[in-house]
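Pasting work27.pdb here (PDB, C-alpha atoms, pLDDT in the B column):
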```pdb
ATOM      1  CA  MET U   1     132.891 110.383  86.631  1.00 43.00           C
ATOM      2  CA  THR U   2     132.672 113.944  85.320  1.00 43.00           C
ATOM      3  CA  ALA U   3     131.943 113.428  81.624  1.00 46.00           C
ATOM      4  CA  ALA U   4     128.481 112.566  80.335  1.00 51.00           C
ATOM      5  CA  PRO U   5     127.772 109.103  81.692  1.00 59.00           C
ATOM      6  CA  ALA U   6     126.488 106.226  79.646  1.00 85.00           C
ATOM      7  CA  TRP U   7     123.522 105.752  81.956  1.00 88.00           C
ATOM      8  CA  ASP U   8     122.894 102.096  81.136  1.00 89.00           C
ATOM      9  CA  ASP U   9     126.518 101.238  81.921  1.00 91.00           C
ATOM     10  CA  ALA U  10     126.559 103.400  85.061  1.00 90.00           C
ATOM     11  CA  ILE U  11     123.370 101.823  86.368  1.00 92.00           C
ATOM     12  CA  ARG U  12     124.596  98.324  85.564  1.00 93.00           C
ATOM     13  CA  GLU U  13     127.875  99.041  87.370  1.00 94.00           C
ATOM     14  CA  HIS U  14     126.528 100.812  90.488  1.00 94.00           C
ATOM     15  CA  ASP U  15     122.918  99.713  90.922  1.00 94.00           C
ATOM     16  CA  ARG U  16     123.735  96.870  93.312  1.00 94.00           C
ATOM     17  CA  ARG U  17     125.659  99.168  95.682  1.00 94.00           C
ATOM     18  CA  VAL U  18     122.854 101.711  95.709  1.00 94.00           C
ATOM     19  CA  TYR U  19     120.243  98.982  96.291  1.00 93.00           C
ATOM     20  CA  VAL U  20     122.242  97.406  99.154  1.00 93.00           C
ATOM     21  CA  SER U  21     122.756 100.812 100.794  1.00 92.00           C
ATOM     22  CA  VAL U  22     118.976 101.266 100.883  1.00 91.00           C
ATOM     23  CA  LEU U  23     118.418  97.731 102.174  1.00 90.00           C
ATOM     24  CA  ALA U  24     120.908  98.473 104.960  1.00 91.00           C
ATOM     25  CA  LEU U  25     118.566 101.221 106.171  1.00 88.00           C
ATOM     26  CA  GLY U  26     115.863  98.622 106.776  1.00 86.00           C
ATOM     27  CA  LEU U  27     113.545  99.042 103.817  1.00 86.00           C
ATOM     28  CA  PRO U  28     111.939  95.852 102.521  1.00 88.00           C
ATOM     29  CA  PRO U  29     113.456  94.562  99.250  1.00 90.00           C
ATOM     30  CA  ASP U  30     110.556  95.608  97.021  1.00 90.00           C
ATOM     31  CA  ARG U  31     110.478  99.138  98.442  1.00 88.00           C
ATOM     32  CA  ALA U  32     114.288  99.339  98.302  1.00 90.00           C
ATOM     33  CA  ARG U  33     114.108  98.484  94.592  1.00 92.00           C
ATOM     34  CA  GLU U  34     111.527 101.253  94.040  1.00 91.00           C
ATOM     35  CA  VAL U  35     113.693 103.777  95.902  1.00 91.00           C
ATOM     36  CA  THR U  36     116.729 102.751  93.845  1.00 93.00           C
ATOM     37  CA  GLN U  37     114.790 103.185  90.604  1.00 94.00           C
ATOM     38  CA  MET U  38     113.511 106.580  91.793  1.00 91.00           C
ATOM     39  CA  THR U  39     117.099 107.557  92.510  1.00 93.00           C
ATOM     40  CA  TRP U  40     118.346 106.712  89.037  1.00 93.00           C
ATOM     41  CA  THR U  41     115.380 108.452  87.433  1.00 92.00           C
ATOM     42  CA  ARG U  42     115.991 111.580  89.486  1.00 91.00           C
ATOM     43  CA  LEU U  43     119.715 111.639  88.681  1.00 92.00           C
ATOM     44  CA  ILE U  44     119.082 111.209  84.957  1.00 91.00           C
ATOM     45  CA  GLU U  45     116.489 114.024  85.018  1.00 91.00           C
ATOM     46  CA  GLN U  46     118.773 116.348  86.974  1.00 89.00           C
ATOM     47  CA  TYR U  47     121.702 115.584  84.677  1.00 90.00           C
ATOM     48  CA  ALA U  48     119.570 116.266  81.570  1.00 89.00           C
ATOM     49  CA  LYS U  49     118.545 119.639  83.031  1.00 90.00           C
ATOM     50  CA  GLY U  50     122.196 120.512  83.657  1.00 88.00           C
ATOM     51  CA  LYS U  51     121.733 120.697  87.424  1.00 87.00           C
ATOM     52  CA  LEU U  52     124.524 118.285  88.271  1.00 84.00           C
ATOM     53  CA  ALA U  53     127.831 120.101  87.899  1.00 78.00           C
ATOM     54  CA  ASP U  54     129.877 117.140  89.111  1.00 79.00           C
ATOM     55  CA  LEU U  55     128.660 113.577  88.751  1.00 81.00           C
ATOM     56  CA  GLU U  56     130.531 111.171  91.005  1.00 87.00           C
ATOM     57  CA  LEU U  57     129.024 107.715  90.974  1.00 90.00           C
ATOM     58  CA  PRO U  58     128.151 105.742  93.002  1.00 91.00           C
ATOM     59  CA  GLY U  59     128.514 108.278  95.837  1.00 90.00           C
ATOM     60  CA  LEU U  60     125.897 110.691  94.539  1.00 91.00           C
ATOM     61  CA  ALA U  61     123.445 107.888  93.788  1.00 92.00           C
ATOM     62  CA  ILE U  62     123.916 106.375  97.249  1.00 92.00           C
ATOM     63  CA  ARG U  63     123.370 109.748  98.957  1.00 92.00           C
ATOM     64  CA  GLN U  64     120.220 110.380  96.898  1.00 91.00           C
ATOM     65  CA  ALA U  65     118.867 106.888  97.609  1.00 93.00           C
ATOM     66  CA  ARG U  66     119.571 107.247 101.334  1.00 92.00           C
ATOM     67  CA  PHE U  67     117.742 110.584 101.309  1.00 90.00           C
ATOM     68  CA  TYR U  68     114.679 108.921  99.745  1.00 89.00           C
ATOM     69  CA  ALA U  69     114.876 105.989 102.156  1.00 89.00           C
ATOM     70  CA  LEU U  70     115.154 108.213 105.222  1.00 88.00           C
ATOM     71  CA  ASN U  71     112.171 110.249 103.998  1.00 85.00           C
ATOM     72  CA  GLU U  72     110.281 106.973 103.649  1.00 82.00           C
ATOM     73  CA  HIS U  73     111.100 106.079 107.262  1.00 80.00           C
ATOM     74  CA  GLN U  74     110.063 109.532 108.482  1.00 82.00           C
ATOM     75  CA  ARG U  75     106.770 109.356 106.582  1.00 79.00           C
ATOM     76  CA  ALA U  76     106.048 105.902 108.027  1.00 78.00           C
ATOM     77  CA  ARG U  77     106.841 107.072 111.589  1.00 79.00           C
ATOM     78  CA  THR U  78     104.608 110.114 111.200  1.00 78.00           C
ATOM     79  CA  GLU U  79     101.800 108.006 109.792  1.00 77.00           C
ATOM     80  CA  MET U  80     102.104 105.610 112.727  1.00 78.00           C
ATOM     81  CA  ARG U  81     101.989 108.533 115.204  1.00 75.00           C
ATOM     82  CA  VAL U  82      98.934 109.981 113.485  1.00 73.00           C
ATOM     83  CA  LEU U  83      97.245 106.587 113.441  1.00 70.00           C
ATOM     84  CA  ALA U  84      98.089 106.113 117.130  1.00 70.00           C
ATOM     85  CA  ALA U  85      96.596 109.524 117.947  1.00 66.00           C
ATOM     86  CA  VAL U  86      93.329 108.756 116.163  1.00 62.00           C
ATOM     87  CA  PRO U  87      91.092 106.674 118.405  1.00 62.00           C
ATOM     88  CA  GLU U  88      89.958 103.424 116.901  1.00 61.00           C
ATOM     89  CA  PRO U  89      86.230 103.306 116.244  1.00 56.00           C
ATOM     90  CA  PRO U  90      84.348 100.430 117.844  1.00 59.00           C
ATOM     91  CA  ALA U  91      84.847  97.191 115.962  1.00 60.00           C
ATOM     92  CA  GLY U  92      82.036  95.849 113.896  1.00 60.00           C
ATOM     93  CA  ASP U  93      81.555  98.551 111.247  1.00 70.00           C
ATOM     94  CA  PRO U  94      83.976  97.817 108.409  1.00 73.00           C
ATOM     95  CA  GLU U  95      82.517 100.557 106.201  1.00 73.00           C
ATOM     96  CA  ARG U  96      83.179 103.220 108.834  1.00 73.00           C
ATOM     97  CA  ASP U  97      86.690 101.797 109.412  1.00 71.00           C
ATOM     98  CA  LEU U  98      87.419 101.988 105.707  1.00 74.00           C
ATOM     99  CA  ALA U  99      86.047 105.528 105.450  1.00 75.00           C
ATOM    100  CA  SER U 100      88.162 106.654 108.416  1.00 76.00           C
ATOM    101  CA  ARG U 101      91.327 105.172 106.960  1.00 80.00           C
ATOM    102  CA  GLN U 102      90.607 106.671 103.546  1.00 83.00           C
ATOM    103  CA  GLU U 103      90.084 110.097 105.109  1.00 83.00           C
ATOM    104  CA  LEU U 104      93.328 109.788 107.052  1.00 81.00           C
ATOM    105  CA  GLU U 105      95.156 108.814 103.853  1.00 86.00           C
ATOM    106  CA  ARG U 106      93.683 111.888 102.145  1.00 85.00           C
ATOM    107  CA  VAL U 107      94.834 114.094 105.040  1.00 84.00           C
ATOM    108  CA  LEU U 108      98.364 112.666 104.819  1.00 86.00           C
ATOM    109  CA  ALA U 109      98.370 113.078 101.023  1.00 87.00           C
ATOM    110  CA  ALA U 110      97.222 116.697 101.375  1.00 87.00           C
ATOM    111  CA  LEU U 111      99.952 117.292 103.950  1.00 86.00           C
ATOM    112  CA  GLU U 112     102.565 115.937 101.535  1.00 88.00           C
ATOM    113  CA  THR U 113     101.615 118.655  99.013  1.00 89.00           C
ATOM    114  CA  CYS U 114     102.521 121.394 101.490  1.00 89.00           C
ATOM    115  CA  SER U 115     105.958 122.971 101.654  1.00 90.00           C
ATOM    116  CA  PRO U 116     108.644 121.118 103.639  1.00 90.00           C
ATOM    117  CA  GLN U 117     108.608 123.875 106.269  1.00 92.00           C
ATOM    118  CA  ALA U 118     104.815 123.677 106.622  1.00 91.00           C
ATOM    119  CA  ARG U 119     104.994 119.868 106.976  1.00 90.00           C
ATOM    120  CA  ARG U 120     107.721 120.168 109.590  1.00 90.00           C
ATOM    121  CA  VAL U 121     105.795 122.745 111.628  1.00 91.00           C
ATOM    122  CA  PHE U 122     102.579 120.711 111.346  1.00 90.00           C
ATOM    123  CA  ARG U 123     104.332 117.532 112.491  1.00 87.00           C
ATOM    124  CA  LEU U 124     106.093 119.306 115.346  1.00 88.00           C
ATOM    125  CA  VAL U 125     102.748 120.488 116.676  1.00 87.00           C
ATOM    126  CA  TYR U 126     100.427 117.577 115.879  1.00 83.00           C
ATOM    127  CA  ALA U 127     102.637 114.480 115.656  1.00 83.00           C
ATOM    128  CA  THR U 128     104.985 115.260 118.542  1.00 79.00           C
ATOM    129  CA  PRO U 129     103.749 114.404 122.025  1.00 81.00           C
ATOM    130  CA  GLY U 130     103.240 117.674 123.858  1.00 81.00           C
ATOM    131  CA  GLY U 131     103.921 119.670 120.705  1.00 84.00           C
ATOM    132  CA  THR U 132     102.796 123.296 120.746  1.00 88.00           C
ATOM    133  CA  ALA U 133     103.130 126.245 118.412  1.00 89.00           C
ATOM    134  CA  GLN U 134     105.653 127.699 120.867  1.00 90.00           C
ATOM    135  CA  THR U 135     107.892 124.618 120.861  1.00 89.00           C
ATOM    136  CA  ALA U 136     107.625 124.391 117.070  1.00 90.00           C
ATOM    137  CA  ALA U 137     108.599 128.062 116.731  1.00 91.00           C
ATOM    138  CA  GLN U 138     111.695 127.458 118.833  1.00 90.00           C
ATOM    139  CA  ALA U 139     112.597 124.290 116.908  1.00 89.00           C
ATOM    140  CA  VAL U 140     112.382 125.887 113.450  1.00 89.00           C
ATOM    141  CA  GLY U 141     113.610 129.343 114.443  1.00 91.00           C
ATOM    142  CA  LEU U 142     110.481 131.260 113.469  1.00 90.00           C
ATOM    143  CA  SER U 143     108.300 133.659 115.397  1.00 92.00           C
ATOM    144  CA  LEU U 144     105.306 132.257 117.212  1.00 90.00           C
ATOM    145  CA  GLN U 145     103.017 134.362 114.998  1.00 93.00           C
ATOM    146  CA  ARG U 146     104.578 132.927 111.814  1.00 93.00           C
ATOM    147  CA  VAL U 147     104.198 129.358 113.103  1.00 92.00           C
ATOM    148  CA  ARG U 148     100.534 130.019 113.903  1.00 93.00           C
ATOM    149  CA  GLN U 149     100.060 131.446 110.410  1.00 94.00           C
ATOM    150  CA  ILE U 150     101.698 128.373 108.831  1.00 92.00           C
ATOM    151  CA  LEU U 151      99.451 126.081 110.881  1.00 90.00           C
ATOM    152  CA  CYS U 152      96.360 128.042 109.852  1.00 90.00           C
ATOM    153  CA  GLU U 153      97.360 127.908 106.168  1.00 92.00           C
ATOM    154  CA  THR U 154      98.183 124.203 106.377  1.00 90.00           C
ATOM    155  CA  ARG U 155      94.859 123.336 108.040  1.00 89.00           C
ATOM    156  CA  ALA U 156      93.014 125.398 105.412  1.00 90.00           C
ATOM    157  CA  HIS U 157      94.884 123.557 102.657  1.00 89.00           C
ATOM    158  CA  ILE U 158      93.987 120.177 104.170  1.00 86.00           C
ATOM    159  CA  ARG U 159      90.318 121.180 104.528  1.00 86.00           C
ATOM    160  CA  LYS U 160      90.267 122.334 100.901  1.00 88.00           C
ATOM    161  CA  GLU U 161      91.798 119.040  99.720  1.00 84.00           C
ATOM    162  CA  LEU U 162      89.283 117.037 101.784  1.00 81.00           C
ATOM    163  CA  ALA U 163      86.392 119.005 100.297  1.00 82.00           C
ATOM    164  CA  ARG U 164      87.311 117.854  96.791  1.00 79.00           C
TER     165      ARG U 164
END
```
With the file now loaded, output its structure as structure tokens.
Amino acid sequence: MTAAPAWDDAIREHDRRVYVSVLALGLPPDRAREVTQMTWTRLIEQYAKGKLADLELPGLAIRQARFYALNEHQRARTEMRVLAAVPEPPAGDPERDLASRQELERVLAALETCSPQARRVFRLVYATPGGTAQTAAQAVGLSLQRVRQILCETRAHIRKELAR
């Protein structure tokens, strides 16, 4: 499909395939529906901006939806690792439990506003068992000094977001 698509018709024709491809990755049905809707919205926006030179449906929509779904899985795994690394406070103080979880959610939200490279470096160091700046530098192909600088900037960004 290379000409301007009739989006309603294209969505009606291909939505089920895109939705099933996301379900096949293990997302729950409600989240799979949200990812599918995000996919169509993103494609329509990119097409309107002229950023899609060749529009082949449903292939492009399926690839975009899978990308979103895999990011969802990665975010969930990272969140679980972070939660596992944070010691549970003693039971019996629901207010403190709620405050801790809210602060963790704010940290994760602040991390999501960083660049993809900064998030990757941060996760390699703090969410990977035995992760160090040296191992992160090797994994991303940067100098140790640059990785340390990224970590410093990322921590400063998180502190700034928490101070708000």
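Among the candidates U:Arg16, U:Arg106, U:Arg96, U:Arg31, the residue lying nearest to Lys160 (chain U) is U:Arg106 (atoms considered: all atoms listed in the file).
Counting from CA of Arg119 (chain U), the distance to CA of Thr154 (chain U) is 8.1 Å.
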Can you work out which one of U:Lys49, U:Arg120, U:His157, U:Arg63 has the shortest atom-to-atom distance to Arg75 (chain U), counting only C-alpha atoms? U:Arg120
CA of Leu151 (chain U) to CA of Phe122 (chain U): how many Å, to one decimal? 6.2 Å
Could I get the residues of region 16-53 of chain U with an atom no further than 10 Å from an atom of region 64-69 of chain U, each paired with its nearest atom pair and that distance in Å to one decimal, using all atoms listed in the file, sorted by chain and residue number, as CSV?
```
residue,atom,partner,partner_atom,distance
U:Val18,CA,U:Ala65,CA,6.8
U:Tyr19,CA,U:Ala65,CA,8.1
U:Ser21,CA,U:Arg66,CA,7.2
U:Val22,CA,U:Arg66,CA,6.0
U:Leu23,CA,U:Ala69,CA,9.0
U:Ala24,CA,U:Arg66,CA,9.6
U:Leu25,CA,U:Ala69,CA,7.2
U:Gly26,CA,U:Ala69,CA,8.8
U:Leu27,CA,U:Ala69,CA,7.3
U:Arg31,CA,U:Ala69,CA,8.9
U:Ala32,CA,U:Ala69,CA,7.7
U:Glu34,CA,U:Ala65,CA,9.9
U:Val35,CA,U:Ala65,CA,6.3
U:Thr36,CA,U:Ala65,CA,6.0
U:Gln37,CA,U:Ala65,CA,8.9
U:Met38,CA,U:Ala65,CA,7.9
U:Thr39,CA,U:Ala65,CA,5.4
U:Trp40,CA,U:Ala65,CA,8.6
U:Arg42,CA,U:Gln64,CA,8.6
U:Leu43,CA,U:Gln64,CA,8.3
```
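The gap separating CA of Pro28 (chain U) from CA of Thr113 (chain U) is 25.3 Å, in Å to one decimal.
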Taking all atoms of region 10-26 of chain U that the file lists, what box with edges along x, y and z, padded by 3 Å per side, do you get, with centre and edge lengths in Å to one decimal, as JSON?
```
{"center_x": 121.9, "center_y": 100.1, "center_z": 95.9, "size_x": 18.0, "size_y": 12.5, "size_z": 27.7}
```
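Shortest separation to Glu56 (chain U) among U:Arg101, U:Leu111, U:Ala10, U:Pro29 occurs at residue U:Ala10, atoms counted being only C-alpha atoms.
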When the PyMOL selection byres ((chain U and resi 155) around 12) is applied to the file above, which residues end up in the set, as a list in words? Val107, Leu108, Ala110, Leu111, Cys114, Ala118, Arg119, Val121, Phe122, Arg123, Tyr126, Arg148, Gln149, Ile150, Leu151, Cys152, Glu153, Thr154, Ala156, His157, Ile158, Arg159, Lys160, Glu161 and Leu162 of chain U
The PyMOL selection byres ((chain U and resi 81) around 12) on the file shown: which residues, as number ranges by chain? U: 74-80, 82-87, 104, 108, 123-124, 126-129
Could you dump the residues just selected with C-alpha atoms as a CSV table (one decimal), in the frame of the given file?
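That gives us again19.csv:
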```
chain,number,residue,atom,x,y,z
U,74,GLN,CA,110.1,109.5,108.5
U,75,ARG,CA,106.8,109.4,106.6
U,76,ALA,CA,106.0,105.9,108.0
U,77,ARG,CA,106.8,107.1,111.6
U,78,THR,CA,104.6,110.1,111.2
U,79,GLU,CA,101.8,108.0,109.8
U,80,MET,CA,102.1,105.6,112.7
U,82,VAL,CA,98.9,110.0,113.5
U,83,LEU,CA,97.2,106.6,113.4
U,84,ALA,CA,98.1,106.1,117.1
U,85,ALA,CA,96.6,109.5,117.9
U,86,VAL,CA,93.3,108.8,116.2
U,87,PRO,CA,91.1,106.7,118.4
U,104,LEU,CA,93.3,109.8,107.1
U,108,LEU,CA,98.4,112.7,104.8
U,123,ARG,CA,104.3,117.5,112.5
U,124,LEU,CA,106.1,119.3,115.3
U,126,TYR,CA,100.4,117.6,115.9
U,127,ALA,CA,102.6,114.5,115.7
U,128,THR,CA,105.0,115.3,118.5
U,129,PRO,CA,103.7,114.4,122.0
```
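With all atoms listed in the file as the basis for measurement, U:Gln46 is the residue among U:Ser115, U:Gln145, U:Gln46, U:Thr135 that approaches Ala61 (chain U) most closely.
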N, CA and C atoms modelled onto region 41-57 of chain U, as a PDB file, in the frame of the given file:
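Dumped to selection_39.pdb:
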```pdb
ATOM      1  N   THR U  41     116.233 107.569  88.239  1.00 92.00           N
ATOM      2  CA  THR U  41     115.380 108.452  87.433  1.00 92.00           C
ATOM      3  C   THR U  41     115.658 109.905  87.768  1.00 92.00           C
ATOM      4  N   ARG U  42     115.737 110.206  89.045  1.00 91.00           N
ATOM      5  CA  ARG U  42     115.991 111.580  89.486  1.00 91.00           C
ATOM      6  C   ARG U  42     117.358 112.070  89.002  1.00 91.00           C
ATOM      7  N   LEU U  43     118.382 111.238  89.121  1.00 92.00           N
ATOM      8  CA  LEU U  43     119.715 111.639  88.681  1.00 92.00           C
ATOM      9  C   LEU U  43     119.758 111.894  87.175  1.00 92.00           C
ATOM     10  N   ILE U  44     119.114 111.028  86.411  1.00 91.00           N
ATOM     11  CA  ILE U  44     119.082 111.209  84.957  1.00 91.00           C
ATOM     12  C   ILE U  44     118.364 112.511  84.611  1.00 91.00           C
ATOM     13  N   GLU U  45     117.229 112.779  85.266  1.00 91.00           N
ATOM     14  CA  GLU U  45     116.489 114.024  85.018  1.00 91.00           C
ATOM     15  C   GLU U  45     117.332 115.241  85.380  1.00 91.00           C
ATOM     16  N   GLN U  46     117.958 115.215  86.544  1.00 89.00           N
ATOM     17  CA  GLN U  46     118.773 116.348  86.974  1.00 89.00           C
ATOM     18  C   GLN U  46     119.975 116.554  86.046  1.00 89.00           C
ATOM     19  N   TYR U  47     120.574 115.474  85.593  1.00 90.00           N
ATOM     20  CA  TYR U  47     121.702 115.584  84.677  1.00 90.00           C
ATOM     21  C   TYR U  47     121.248 116.195  83.345  1.00 90.00           C
ATOM     22  N   ALA U  48     120.092 115.747  82.838  1.00 89.00           N
ATOM     23  CA  ALA U  48     119.570 116.266  81.570  1.00 89.00           C
ATOM     24  C   ALA U  48     119.256 117.758  81.666  1.00 89.00           C
ATOM     25  N   LYS U  49     118.857 118.220  82.838  1.00 90.00           N
ATOM     26  CA  LYS U  49     118.545 119.639  83.031  1.00 90.00           C
ATOM     27  C   LYS U  49     119.810 120.460  83.299  1.00 90.00           C
ATOM     28  N   GLY U  50     120.949 119.808  83.409  1.00 88.00           N
ATOM     29  CA  GLY U  50     122.196 120.512  83.657  1.00 88.00           C
ATOM     30  C   GLY U  50     122.381 120.938  85.101  1.00 88.00           C
ATOM     31  N   LYS U  51     121.663 120.306  86.018  1.00 87.00           N
ATOM     32  CA  LYS U  51     121.733 120.697  87.424  1.00 87.00           C
ATOM     33  C   LYS U  51     122.795 119.951  88.215  1.00 87.00           C
ATOM     34  N   LEU U  52     123.464 119.021  87.583  1.00 84.00           N
ATOM     35  CA  LEU U  52     124.524 118.285  88.271  1.00 84.00           C
ATOM     36  C   LEU U  52     125.860 118.711  87.677  1.00 84.00           C
ATOM     37  N   ALA U  53     126.552 119.582  88.381  1.00 78.00           N
ATOM     38  CA  ALA U  53     127.831 120.101  87.899  1.00 78.00           C
ATOM     39  C   ALA U  53     128.905 119.012  87.929  1.00 78.00           C
ATOM     40  N   ASP U  54     128.873 118.182  88.954  1.00 79.00           N
ATOM     41  CA  ASP U  54     129.877 117.140  89.111  1.00 79.00           C
ATOM     42  C   ASP U  54     129.149 115.841  89.416  1.00 79.00           C
ATOM     43  N   LEU U  55     129.377 114.841  88.601  1.00 81.00           N
ATOM     44  CA  LEU U  55     128.660 113.577  88.751  1.00 81.00           C
ATOM     45  C   LEU U  55     129.641 112.496  89.175  1.00 81.00           C
ATOM     46  N   GLU U  56     129.650 112.201  90.475  1.00 87.00           N
ATOM     47  CA  GLU U  56     130.531 111.171  91.005  1.00 87.00           C
ATOM     48  C   GLU U  56     129.689 109.988  91.441  1.00 87.00           C
ATOM     49  N   LEU U  57     129.788 108.919  90.672  1.00 90.00           N
ATOM     50  CA  LEU U  57     129.024 107.715  90.974  1.00 90.00           C
ATOM     51  C   LEU U  57     129.943 106.700  91.617  1.00 90.00           C
TER      52      LEU U  57
END
```
